[in-house]
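Next comes target30.cif, with mmCIF, C-alpha atoms (C1' of nucleotides).
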```
data_work
#
loop_
_atom_site.label_atom_id
_atom_site.label_comp_id
_atom_site.auth_asym_id
_atom_site.auth_seq_id
_atom_site.Cartn_x
_atom_site.Cartn_y
_atom_site.Cartn_z
CA MET A 1 -5.91 22.13 -44.93
CA ALA A 2 -4.00 24.59 -42.83
CA VAL A 3 -6.34 26.07 -40.29
CA ALA A 4 -8.62 23.20 -39.61
CA HIS A 5 -11.37 23.27 -37.05
CA VAL A 6 -9.78 23.99 -33.72
CA HIS A 7 -11.11 21.11 -31.75
CA LYS A 8 -11.11 21.77 -28.08
CA MET A 9 -9.49 18.89 -26.32
CA ASP A 10 -12.45 18.38 -24.10
CA ALA A 11 -14.04 15.25 -22.78
CA THR A 12 -15.88 14.60 -26.02
CA ASN A 13 -12.55 14.00 -27.68
CA ARG A 14 -11.80 11.16 -25.31
CA ARG A 15 -12.30 7.65 -26.45
CA PRO A 16 -13.84 5.68 -23.64
CA GLY A 17 -14.95 2.91 -25.94
CA GLY A 18 -12.94 0.32 -27.79
CA ARG A 19 -9.57 -0.76 -26.56
CA SER A 20 -9.71 1.38 -23.45
CA ALA A 21 -12.95 -0.19 -22.38
CA GLU A 22 -11.50 -3.61 -23.03
CA VAL A 23 -8.57 -2.86 -20.75
CA LEU A 24 -10.80 -1.34 -18.11
CA GLY A 25 -12.99 -4.39 -18.06
CA ARG A 26 -10.09 -6.78 -17.78
CA VAL A 27 -8.50 -4.71 -15.02
CA ARG A 28 -11.74 -4.50 -13.15
CA SER A 29 -12.34 -8.21 -12.99
CA SER A 30 -8.68 -8.88 -12.26
CA VAL A 31 -8.81 -6.52 -9.31
CA GLU A 32 -11.80 -8.37 -7.99
CA SER A 33 -10.32 -11.80 -8.29
CA LEU A 34 -6.93 -10.79 -6.91
CA ILE A 35 -8.45 -8.95 -4.00
CA ALA A 36 -10.69 -11.88 -3.21
CA GLU A 37 -7.65 -14.15 -3.27
CA ARG A 38 -5.06 -12.18 -1.36
CA GLY A 39 -6.62 -8.97 -0.09
CA ALA A 40 -5.83 -5.47 -1.22
CA GLU A 41 -2.76 -4.91 0.91
CA SER A 42 -0.21 -6.65 -1.20
CA LEU A 43 -1.77 -5.83 -4.54
CA THR A 44 0.65 -4.20 -6.96
CA ILE A 45 0.36 -2.72 -10.40
CA PRO A 46 2.62 -5.29 -12.10
CA MET A 47 0.69 -8.09 -10.45
CA LEU A 48 -2.59 -6.70 -11.65
CA ALA A 49 -1.24 -6.01 -15.11
CA GLU A 50 -0.12 -9.59 -15.49
CA ARG A 51 -3.48 -10.98 -14.41
CA ALA A 52 -5.29 -8.62 -16.74
CA GLY A 53 -2.95 -9.31 -19.64
CA VAL A 54 -2.07 -5.64 -19.94
CA GLN A 55 1.14 -3.66 -19.78
CA PRO A 56 2.01 -2.19 -16.39
CA SER A 57 2.91 1.04 -18.11
CA SER A 58 -0.65 1.37 -19.35
CA LEU A 59 -1.90 1.22 -15.81
CA TYR A 60 0.72 3.62 -14.54
CA ARG A 61 -0.18 6.12 -17.23
CA ARG A 62 -3.86 5.79 -16.65
CA TRP A 63 -4.03 5.73 -12.85
CA GLY A 64 -0.62 6.66 -11.55
CA ASP A 65 -0.59 4.29 -8.61
CA ILE A 66 -2.46 1.39 -7.12
CA SER A 67 -4.42 3.32 -4.54
CA SER A 68 -5.80 5.76 -7.09
CA LEU A 69 -6.73 2.82 -9.23
CA LEU A 70 -8.51 1.03 -6.43
CA ASN A 71 -10.26 4.16 -5.33
CA ASP A 72 -11.39 4.83 -8.86
CA LEU A 73 -12.72 1.35 -9.47
CA ALA A 74 -14.36 1.14 -6.06
CA THR A 75 -16.50 4.09 -7.04
CA TYR A 76 -18.51 2.14 -9.51
CA LYS A 77 -18.90 -0.97 -7.45
CA LEU A 78 -22.31 -0.21 -6.05
CA ASP A 79 -23.87 1.45 -9.05
CA PRO A 80 -24.99 4.92 -8.01
CA ASP A 81 -27.45 5.00 -10.89
CA ARG A 82 -29.18 1.76 -10.08
CA PRO A 83 -32.92 2.18 -9.68
CA LEU A 84 -34.21 2.32 -6.15
CA THR A 85 -37.68 0.91 -6.07
CA LEU A 86 -39.45 3.32 -3.80
CA THR A 87 -42.87 2.66 -2.38
CA GLY A 88 -43.16 5.82 -0.33
CA ASN A 89 -43.19 3.84 2.88
CA LEU A 90 -40.12 4.97 4.79
CA VAL A 91 -39.40 1.86 6.81
CA GLU A 92 -40.07 -0.45 3.92
CA ASP A 93 -37.88 1.53 1.54
CA VAL A 94 -35.08 1.85 4.05
CA ARG A 95 -35.25 -1.86 4.64
CA SER A 96 -34.82 -2.78 1.01
CA TRP A 97 -32.11 -0.16 0.59
CA ALA A 98 -30.18 -1.49 3.58
CA THR A 99 -30.67 -5.05 2.42
CA GLU A 100 -29.21 -4.16 -0.94
CA ILE A 101 -26.16 -2.53 0.62
CA VAL A 102 -25.54 -5.45 2.93
CA ALA A 103 -25.96 -7.92 0.10
CA HIS A 104 -23.46 -6.00 -1.96
CA TYR A 105 -20.81 -5.82 0.74
CA SER A 106 -21.35 -9.40 1.75
CA LYS A 107 -19.25 -10.34 -1.23
CA PRO A 108 -15.70 -10.39 0.14
CA GLU A 109 -14.27 -8.66 -2.89
CA ASN A 110 -16.66 -5.76 -2.52
CA ALA A 111 -15.89 -5.41 1.16
CA ALA A 112 -12.19 -5.46 0.38
CA MET A 113 -12.68 -2.75 -2.21
CA LEU A 114 -14.44 -0.59 0.35
CA ARG A 115 -11.57 -1.03 2.78
CA ALA A 116 -9.13 -0.14 0.07
CA GLY A 117 -11.17 2.97 -0.65
CA ALA A 118 -11.27 3.78 3.04
CA ALA A 119 -7.52 3.78 3.17
CA SER A 120 -7.35 6.62 0.68
CA ALA A 121 -10.42 8.50 1.85
CA GLY A 122 -10.29 11.52 4.06
CA THR A 123 -8.72 13.86 1.57
CA ARG A 124 -11.14 14.01 -1.31
CA GLU A 125 -14.86 13.70 -0.74
CA SER A 126 -15.66 10.02 -0.63
CA ASP A 127 -17.87 8.48 -3.28
CA CYS A 128 -19.21 5.93 -0.86
CA LEU A 129 -20.46 8.63 1.42
CA ARG A 130 -21.77 10.82 -1.39
CA HIS A 131 -23.76 8.07 -3.07
CA ARG A 132 -25.32 6.84 0.15
CA ARG A 133 -26.25 10.40 1.01
CA ALA A 134 -27.91 10.87 -2.36
CA GLU A 135 -29.86 7.66 -1.99
CA ALA A 136 -30.96 8.56 1.51
CA ALA A 137 -32.18 11.88 0.18
CA ALA A 138 -34.12 10.16 -2.60
CA ILE A 139 -35.80 7.86 -0.12
CA LEU A 140 -36.83 10.72 2.13
CA GLU A 141 -38.02 12.68 -0.88
CA GLN A 142 -40.53 9.98 -1.75
CA ALA A 143 -41.49 9.01 1.77
CA ARG A 144 -44.99 9.96 2.81
CA ASP A 145 -44.26 9.26 6.46
CA ALA A 146 -40.77 10.63 6.93
CA GLY A 147 -41.76 12.84 9.83
CA ASP A 148 -38.73 14.84 10.82
CA THR A 149 -36.29 12.13 9.80
CA THR A 150 -33.28 13.64 8.06
CA VAL A 151 -30.66 12.43 5.67
CA GLU A 152 -28.16 12.55 8.49
CA ASP A 153 -30.43 10.33 10.55
CA LEU A 154 -30.45 7.68 7.85
CA LEU A 155 -26.70 7.87 7.45
CA ASN A 156 -26.17 7.64 11.19
CA ARG A 157 -28.72 4.98 11.93
CA VAL A 158 -28.46 2.80 8.84
CA THR A 159 -25.45 3.38 6.64
CA ALA A 160 -22.86 3.99 9.36
CA PRO A 161 -23.60 0.85 11.40
CA ILE A 162 -23.50 -1.25 8.26
CA ILE A 163 -20.31 0.23 6.89
CA TYR A 164 -18.67 0.02 10.30
CA ARG A 165 -19.31 -3.73 10.34
CA VAL A 166 -18.34 -4.18 6.73
CA ILE A 167 -14.96 -2.74 7.53
CA PHE A 168 -14.25 -4.11 10.97
CA SER A 169 -16.30 -7.28 11.36
CA PRO A 170 -17.79 -8.43 8.09
CA TRP A 171 -18.54 -11.85 9.51
CA ASP A 172 -21.36 -10.69 11.73
CA LEU A 173 -23.26 -8.97 9.00
CA GLY A 174 -26.42 -10.50 7.64
CA VAL A 175 -30.12 -10.04 7.15
CA GLU A 176 -30.64 -10.08 10.90
CA PHE A 177 -28.35 -7.11 11.20
CA VAL A 178 -30.43 -5.14 8.72
CA ASP A 179 -33.43 -6.16 10.70
CA GLY A 180 -31.91 -4.80 13.86
CA VAL A 181 -31.06 -1.35 12.60
CA VAL A 182 -34.29 -0.95 10.65
CA THR A 183 -36.46 -2.12 13.50
CA ASP A 184 -34.62 0.22 15.81
CA LEU A 185 -35.18 3.06 13.36
CA ALA A 186 -38.86 2.23 13.04
CA ARG A 187 -39.26 2.13 16.79
CA THR A 188 -37.78 5.55 17.41
CA ALA A 189 -38.17 7.62 14.26
CA ARG A 190 -41.29 9.70 13.97
CA MET B 191 28.32 -26.23 31.68
CA ALA B 192 27.05 -28.72 29.25
CA VAL B 193 23.38 -29.25 29.85
CA ALA B 194 22.31 -25.89 31.10
CA HIS B 195 18.79 -25.07 32.04
CA VAL B 196 16.63 -25.64 29.05
CA HIS B 197 15.03 -22.27 28.82
CA LYS B 198 11.84 -22.30 26.91
CA MET B 199 11.95 -19.58 24.31
CA ASP B 200 8.75 -18.08 25.54
CA ALA B 201 7.75 -14.47 25.90
CA THR B 202 9.65 -14.08 29.16
CA ASN B 203 12.88 -14.49 27.22
CA ARG B 204 12.07 -11.50 25.04
CA ARG B 205 13.63 -8.15 25.70
CA PRO B 206 11.05 -5.49 25.23
CA GLY B 207 13.10 -2.93 27.10
CA GLY B 208 16.28 -1.18 26.16
CA ARG B 209 17.26 -0.82 22.54
CA SER B 210 14.09 -2.39 21.22
CA ALA B 211 11.97 0.09 23.11
CA GLU B 212 14.13 2.92 21.83
CA VAL B 213 13.56 1.82 18.25
CA LEU B 214 9.87 1.30 18.82
CA GLY B 215 9.48 4.77 20.22
CA ARG B 216 11.36 6.40 17.37
CA VAL B 217 9.37 4.43 14.80
CA ARG B 218 6.12 5.32 16.47
CA SER B 219 6.64 9.05 16.42
CA SER B 220 8.08 8.90 12.92
CA VAL B 221 5.00 7.13 11.68
CA GLU B 222 2.85 9.83 13.16
CA SER B 223 4.76 12.70 11.68
CA LEU B 224 5.10 11.10 8.26
CA ILE B 225 1.45 10.16 8.13
CA ALA B 226 0.44 13.65 9.13
CA GLU B 227 2.62 15.05 6.37
CA ARG B 228 1.84 12.78 3.45
CA GLY B 229 -0.84 10.30 4.44
CA ALA B 230 -0.41 6.60 4.87
CA GLU B 231 -0.76 5.60 1.25
CA SER B 232 2.74 6.32 0.10
CA LEU B 233 4.48 5.42 3.32
CA THR B 234 7.28 2.91 2.87
CA ILE B 235 9.59 1.05 5.21
CA PRO B 236 12.79 2.70 3.96
CA MET B 237 11.18 6.12 4.28
CA LEU B 238 10.13 5.41 7.82
CA ALA B 239 13.48 3.89 8.70
CA GLU B 240 15.29 6.99 7.55
CA ARG B 241 13.05 9.31 9.55
CA ALA B 242 13.43 7.15 12.63
CA GLY B 243 17.16 6.78 12.22
CA VAL B 244 16.90 3.03 12.10
CA GLN B 245 17.90 0.38 9.63
CA PRO B 246 15.19 -0.75 7.20
CA SER B 247 16.21 -4.31 7.83
CA SER B 248 15.33 -3.95 11.49
CA LEU B 249 11.81 -2.97 10.54
CA TYR B 250 11.49 -5.72 7.97
CA ARG B 251 12.60 -8.28 10.50
CA ARG B 252 10.33 -6.99 13.20
CA TRP B 253 7.16 -6.33 11.24
CA GLY B 254 7.55 -7.85 7.81
CA ASP B 255 5.79 -5.15 5.89
CA ILE B 256 4.37 -1.69 6.23
CA SER B 257 0.75 -2.66 6.67
CA SER B 258 1.48 -5.03 9.52
CA LEU B 259 3.54 -2.31 11.10
CA LEU B 260 0.79 0.26 10.79
CA ASN B 261 -1.81 -2.13 12.03
CA ASP B 262 0.32 -3.03 15.01
CA LEU B 263 1.04 0.56 15.99
CA ALA B 264 -2.53 1.69 15.40
CA THR B 265 -3.63 -0.69 18.09
CA TYR B 266 -2.20 1.38 20.84
CA LYS B 267 -3.25 4.76 19.55
CA LEU B 268 -6.35 5.18 21.66
CA ASP B 269 -5.18 3.59 24.86
CA PRO B 270 -7.56 0.75 25.67
CA ASP B 271 -6.50 0.92 29.32
CA ARG B 272 -7.13 4.59 29.81
CA PRO B 273 -9.49 5.26 32.70
CA LEU B 274 -13.05 6.05 31.79
CA THR B 275 -14.48 8.37 34.38
CA LEU B 276 -17.91 6.94 34.87
CA THR B 277 -20.61 8.73 36.78
CA GLY B 278 -23.31 6.12 36.31
CA ASN B 279 -25.40 8.51 34.25
CA LEU B 280 -25.70 6.88 30.85
CA VAL B 281 -26.11 9.94 28.69
CA GLU B 282 -23.45 11.89 30.49
CA ASP B 283 -20.96 9.02 30.34
CA VAL B 284 -21.68 8.34 26.72
CA ARG B 285 -21.20 11.99 25.96
CA SER B 286 -17.76 12.18 27.50
CA TRP B 287 -16.78 8.90 25.93
CA ALA B 288 -17.88 10.09 22.48
CA THR B 289 -16.17 13.41 23.01
CA GLU B 290 -12.94 11.65 23.83
CA ILE B 291 -13.13 9.50 20.73
CA VAL B 292 -13.86 12.46 18.49
CA ALA B 293 -11.08 14.48 20.06
CA HIS B 294 -8.69 11.65 19.46
CA TYR B 295 -9.59 11.16 15.83
CA SER B 296 -9.65 14.86 15.17
CA LYS B 297 -5.90 14.70 15.00
CA PRO B 298 -5.19 13.98 11.35
CA GLU B 299 -2.46 11.48 12.15
CA ASN B 300 -4.81 9.45 14.31
CA ALA B 301 -7.50 9.47 11.66
CA ALA B 302 -4.95 8.39 9.09
CA MET B 303 -3.88 5.55 11.34
CA LEU B 304 -7.44 4.39 11.64
CA ARG B 305 -7.82 4.38 7.87
CA ALA B 306 -4.60 2.45 7.54
CA GLY B 307 -5.93 -0.04 10.05
CA ALA B 308 -9.23 -0.22 8.19
CA ALA B 309 -7.42 -1.22 5.05
CA SER B 310 -6.09 -4.34 6.71
CA ALA B 311 -9.12 -5.10 8.83
CA GLY B 312 -11.71 -7.70 7.95
CA THR B 313 -9.48 -10.71 8.41
CA ARG B 314 -8.42 -10.62 12.01
CA GLU B 315 -10.68 -9.22 14.70
CA SER B 316 -10.21 -5.49 14.74
CA ASP B 317 -8.74 -3.81 17.79
CA CYS B 318 -10.70 -0.66 17.15
CA LEU B 319 -13.96 -2.53 17.29
CA ARG B 320 -12.94 -4.66 20.25
CA HIS B 321 -11.83 -1.76 22.39
CA ARG B 322 -14.92 0.31 21.69
CA ARG B 323 -17.07 -2.66 22.47
CA ALA B 324 -15.31 -3.19 25.79
CA GLU B 325 -15.71 0.47 26.69
CA ALA B 326 -19.38 0.45 25.78
CA ALA B 327 -19.83 -2.58 27.99
CA ALA B 328 -18.07 -0.83 30.88
CA ILE B 329 -20.32 2.18 30.51
CA LEU B 330 -23.47 0.10 30.53
CA GLU B 331 -22.17 -1.89 33.47
CA GLN B 332 -21.98 1.23 35.58
CA ALA B 333 -25.06 2.97 34.29
CA ARG B 334 -27.96 3.20 36.70
CA ASP B 335 -30.38 4.18 33.95
CA ALA B 336 -29.35 2.00 31.04
CA GLY B 337 -32.85 0.63 30.55
CA ASP B 338 -32.67 -1.97 27.81
CA THR B 339 -29.84 -0.24 26.00
CA THR B 340 -27.31 -2.76 24.74
CA VAL B 341 -23.68 -2.68 23.78
CA GLU B 342 -24.75 -3.06 20.17
CA ASP B 343 -26.97 -0.03 20.53
CA LEU B 344 -24.06 2.10 21.68
CA LEU B 345 -21.87 0.83 18.87
CA ASN B 346 -24.57 1.46 16.30
CA ARG B 347 -25.73 4.81 17.56
CA VAL B 348 -22.47 6.35 18.75
CA THR B 349 -19.32 4.62 17.63
CA ALA B 350 -20.37 3.74 14.10
CA PRO B 351 -21.52 7.23 13.08
CA ILE B 352 -18.32 8.73 14.46
CA ILE B 353 -16.00 6.22 12.85
CA TYR B 354 -17.89 6.50 9.56
CA ARG B 355 -17.20 10.23 9.51
CA VAL B 356 -13.64 9.85 10.69
CA ILE B 357 -12.96 7.66 7.71
CA PHE B 358 -15.05 9.29 5.00
CA SER B 359 -15.51 12.93 5.96
CA PRO B 360 -13.28 13.95 8.84
CA TRP B 361 -13.89 17.61 8.14
CA ASP B 362 -17.43 17.60 9.37
CA LEU B 363 -16.66 16.08 12.69
CA GLY B 364 -16.73 18.20 15.82
CA VAL B 365 -18.37 18.73 19.16
CA GLU B 366 -21.67 19.46 17.48
CA PHE B 367 -21.55 16.04 15.88
CA VAL B 368 -21.14 14.39 19.25
CA ASP B 369 -24.00 16.49 20.45
CA GLY B 370 -26.19 15.26 17.63
CA VAL B 371 -25.68 11.55 18.17
CA VAL B 372 -25.85 11.77 21.94
CA THR B 373 -28.97 13.91 21.93
CA ASP B 374 -30.54 11.52 19.49
CA LEU B 375 -29.62 8.62 21.73
CA ALA B 376 -31.01 10.38 24.80
CA ARG B 377 -34.24 11.14 23.01
CA THR B 378 -34.95 7.57 21.98
CA ALA B 379 -33.17 5.25 24.37
CA ARG B 380 -35.13 4.07 27.36
"C1'" DT C 381 31.18 -9.48 36.89
"C1'" DG C 382 30.94 -12.35 32.74
"C1'" DG C 383 28.86 -15.21 29.43
"C1'" DC C 384 24.62 -15.67 26.55
"C1'" DT C 385 21.76 -14.14 22.95
"C1'" DA C 386 17.88 -11.15 21.02
"C1'" DA C 387 17.85 -7.28 18.46
"C1'" DT C 388 20.09 -3.96 15.79
"C1'" DG C 389 23.63 -2.13 12.56
"C1'" DC C 390 25.78 -2.52 8.15
"C1'" DA C 391 26.40 -3.54 3.40
"C1'" DA C 392 26.04 -6.23 -0.64
"C1'" DA C 393 22.99 -8.88 -3.53
"C1'" DT C 394 18.36 -9.44 -5.32
"C1'" DA C 395 14.01 -8.63 -6.60
"C1'" DT C 396 10.38 -5.35 -7.84
"C1'" DC C 397 8.42 -1.45 -9.06
"C1'" DT C 398 8.24 2.83 -11.93
"C1'" DT C 399 9.46 5.82 -15.61
"C1'" DT C 400 10.32 6.85 -20.30
"C1'" DG C 401 11.06 6.99 -25.40
"C1'" DC C 402 9.47 4.97 -29.27
"C1'" DT C 403 6.27 2.02 -32.03
"C1'" DT C 404 1.83 0.14 -33.07
"C1'" DT C 405 -3.17 -0.21 -32.94
"C1'" DA C 406 -7.71 1.08 -33.71
"C1'" DG C 407 -11.64 4.44 -32.76
"C1'" DA C 408 -13.52 8.83 -34.68
"C1'" DC C 409 -14.16 12.20 -37.88
"C1'" DT C 410 -14.03 14.08 -42.73
"C1'" DA D 411 -11.31 5.10 -47.80
"C1'" DG D 412 -8.05 8.07 -45.54
"C1'" DT D 413 -6.19 10.88 -41.80
"C1'" DC D 414 -5.56 11.98 -37.09
"C1'" DT D 415 -4.54 10.83 -32.46
"C1'" DA D 416 -5.65 8.77 -27.75
"C1'" DA D 417 -4.39 4.84 -25.73
"C1'" DA D 418 -1.85 0.60 -25.64
"C1'" DG D 419 2.29 -2.31 -26.50
"C1'" DC D 420 7.11 -2.98 -25.88
"C1'" DA D 421 11.65 -2.79 -23.94
"C1'" DA D 422 15.39 -0.72 -21.65
"C1'" DA D 423 16.94 2.28 -17.97
"C1'" DG D 424 16.49 3.88 -13.45
"C1'" DA D 425 14.83 4.00 -8.86
"C1'" DT D 426 13.17 1.55 -4.71
"C1'" DA D 427 12.17 -1.89 -1.90
"C1'" DT D 428 13.40 -6.42 0.20
"C1'" DT D 429 16.36 -10.11 1.61
"C1'" DT D 430 20.43 -11.97 3.65
"C1'" DG D 431 24.92 -12.98 5.93
"C1'" DC D 432 27.89 -11.33 9.16
"C1'" DA D 433 29.48 -8.02 12.90
"C1'" DT D 434 28.22 -5.38 16.90
"C1'" DT D 435 25.62 -3.87 20.88
"C1'" DA D 436 23.47 -4.19 25.14
"C1'" DG D 437 19.86 -6.32 28.20
"C1'" DC D 438 19.46 -10.43 31.14
"C1'" DC D 439 20.65 -14.12 34.17
"C1'" DA D 440 23.82 -17.00 36.73
#
```

Full structure transcribed into structure tokens:
Amino acid sequence: MAVAHVHKMDATNRRPGGRSAEVLGRVRSSVESLIAERGAESLTIPMLAERAGVQPSSLYRRWGDISSLLNDLATYKLDPDRPLTLTGNLVEDVRSWATEIVAHYSKPENAAMLRAGAASAGTRESDCLRHRRAEAAAILEQARDAGDTTVEDLLNRVTAPIIYRVIFSPWDLGVEFVDGVVTDLARTAR
Amino acid sequence: MAVAHVHKMDATNRRPGGRSAEVLGRVRSSVESLIAERGAESLTIPMLAERAGVQPSSLYRRWGDISSLLNDLATYKLDPDRPLTLTGNLVEDVRSWATEIVAHYSKPENAAMLRAGAASAGTRESDCLRHRRAEAAAILEQARDAGDTTVEDLLNRVTAPIIYRVIFSPWDLGVEFVDGVVTDLARTAR
DNA sequence: TGGCTAATGCAAATATCTTTGCTTTAGACT
DNA sequence: AGTCTAAAGCAAAGATATTTGCATTAGCCA
């Protein structure tokens, strides 16, 4: 069979399932546990490989270095495709959205992943920022009472304060914090 | 002279001047230039030592590792003791404060330092957060028309949005951004 | 001025990380 | 079932980073 079909080596030829997925899963949970234990600063590929029961060379070939790996895995941490339950009431929807974000980053390993992602942000467009922007847009889309509130407003008034605390002072982040920013938004947005 | 004065080995016995200061200065500017050139991710102690014309072992002994070093140097980047010229007019003072912060972090090396600091934040209290908080307090202290605006308000409405962009999308940060947050603050704070 | 000593310089020894060539495994397609 | 091949395993070589003991330098204090 000389001239077989010339398969283009496109994404459909990849094999995301099977052994790759197995490795990915093991790496993912190993990253979480290691980061929770010792932070992201001293995390190395060999260390991670050992915990995951995988060859370091596999990780090097797949991600190149630890910061790419962390950045890649951090992307999927707060599922961008998760359903937002929207009622059409701006304040109410923003509140549950913010609560969800805070709950997510209240887990130390998730906060650590965000910080790790932050370290390598600034060059490429950040997934954290992009996803939050998309969600903010979806909320405004559905809102019956959005007034002249913009996506930027939601990022500035809700996401930014939360993320700022997640990074720099995770300990004073809780439901009451969500309450503060949302109440403040409700008081002034129209 | 058998039993000499028993000097306590406290901070007064340190020698921050002279050769140490020389090394510190060289390291500091080397960090900046290297970070501006290649980002903080791949920065290593030997690399830095070579650029600074200093022995790696000196840096290891003084800081232990690269992230401690970066975190330490980042502290002094936006001088916490710089004079804030306060007029007593809240909006005006906030505007110049915000402008100063944006100007500072518009330099890529300063933004990179912040990200590097962010990576190791979350355990100790962050200097970035502490200094901004102190400045916000000073502004409110002087303001004749602060109303019921709080330090937290200024952090949430001004600092957080700026820092969020510095970290995740430095390219869309400029005077017009300052304008946006300050105008928004002026419109709703009372 | 002269001793005292923190901090650095230097260099060798280790420890770790990273790359690379080759082999093996196991999905995917016929 | 059989073939093809992306991805993983393995192991050795190479490159870097880190530690450590000893020598030297230069502030500091008497």

Self-check item: Contacts of Glu331 (chain B) at 10 Å (all atoms listed in the file; same-chain gap of 3+ positions) as number ranges by chain
Solution: B: 276, 278, 280, 325-328, 334, 336, 341

Practice problem: Could you state which residues are captured by the PyMOL selection byres ((chain D) within 8 of (chain B)) in this file, as a PyMOL selection string? | Solution: chain D and resi 427+436-437

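Proximity of C:DT394, C:DT388, C:DT399, C:DT404 to DT429 (chain D), computed with only C-alpha atoms (C1' of nucleotides), is greatest for C:DT394.
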
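Here CA of Arg323 (chain B) and CA of Glu282 (chain B) stand 17.8 Å from one another.
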
Exercise. Select all residues from chain A having any atom no more than 10 Å from an atom of chain B (counting all atoms listed in the file, ignoring ligands), output as a ChimeraX atom specification.
Key: /A:39-42,65-68,108,111-130,152-153,155-171,180-181,184-185,187-189

Self-check item: chain A contacts on chain C, all atoms listed in the file, 9 Å, as a list in words
Solution: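 Within 9 Å of chain A on chain C, we get DT396, DC397, DT398, DT399, DA406, DG407 and DA408 of chain C.
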
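One distance worth recording is that between CA of Ser286 (chain B) and CA of Leu274 (chain B), which is 8.8 Å.
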
Practice problem: Quote the spacing between CA of Ile139 (chain A) and CA of Asn71 (chain A) in Å to one decimal place. | Solution: 26.3 Å

Is it possible to add N, CA and C atoms to region 343-355 of chain B and hand it back as a tab-separated table (two decimals), keeping the file's coordinate frame?
```tsv
chain	number	residue	atom	x	y	z
B	343	ASP	N	-26.32	-1.32	20.73
B	343	ASP	CA	-26.97	-0.03	20.53
B	343	ASP	C	-25.94	1.09	20.56
B	344	LEU	N	-25.06	1.04	21.57
B	344	LEU	CA	-24.06	2.10	21.68
B	344	LEU	C	-23.11	2.08	20.48
B	345	LEU	N	-22.74	0.90	20.04
B	345	LEU	CA	-21.87	0.83	18.87
B	345	LEU	C	-22.57	1.41	17.65
B	346	ASN	N	-23.83	1.01	17.48
B	346	ASN	CA	-24.57	1.46	16.30
B	346	ASN	C	-24.88	2.94	16.33
B	347	ARG	N	-25.24	3.43	17.48
B	347	ARG	CA	-25.73	4.81	17.56
B	347	ARG	C	-24.63	5.83	17.80
B	348	VAL	N	-23.53	5.39	18.40
B	348	VAL	CA	-22.47	6.35	18.75
B	348	VAL	C	-21.16	6.09	18.01
B	349	THR	N	-20.62	4.90	18.23
B	349	THR	CA	-19.32	4.62	17.63
B	349	THR	C	-19.36	4.63	16.10
B	350	ALA	N	-20.31	3.88	15.55
B	350	ALA	CA	-20.37	3.74	14.10
B	350	ALA	C	-20.49	5.08	13.37
B	351	PRO	N	-21.43	5.95	13.78
B	351	PRO	CA	-21.52	7.23	13.08
B	351	PRO	C	-20.22	8.03	13.16
B	352	ILE	N	-19.58	7.98	14.31
B	352	ILE	CA	-18.32	8.73	14.46
B	352	ILE	C	-17.24	8.16	13.55
B	353	ILE	N	-17.06	6.85	13.63
B	353	ILE	CA	-16.00	6.22	12.85
B	353	ILE	C	-16.25	6.39	11.34
B	354	TYR	N	-17.52	6.31	10.97
B	354	TYR	CA	-17.89	6.50	9.56
B	354	TYR	C	-17.42	7.87	9.07
B	355	ARG	N	-17.64	8.87	9.89
B	355	ARG	CA	-17.20	10.23	9.51
B	355	ARG	C	-15.70	10.35	9.58
```
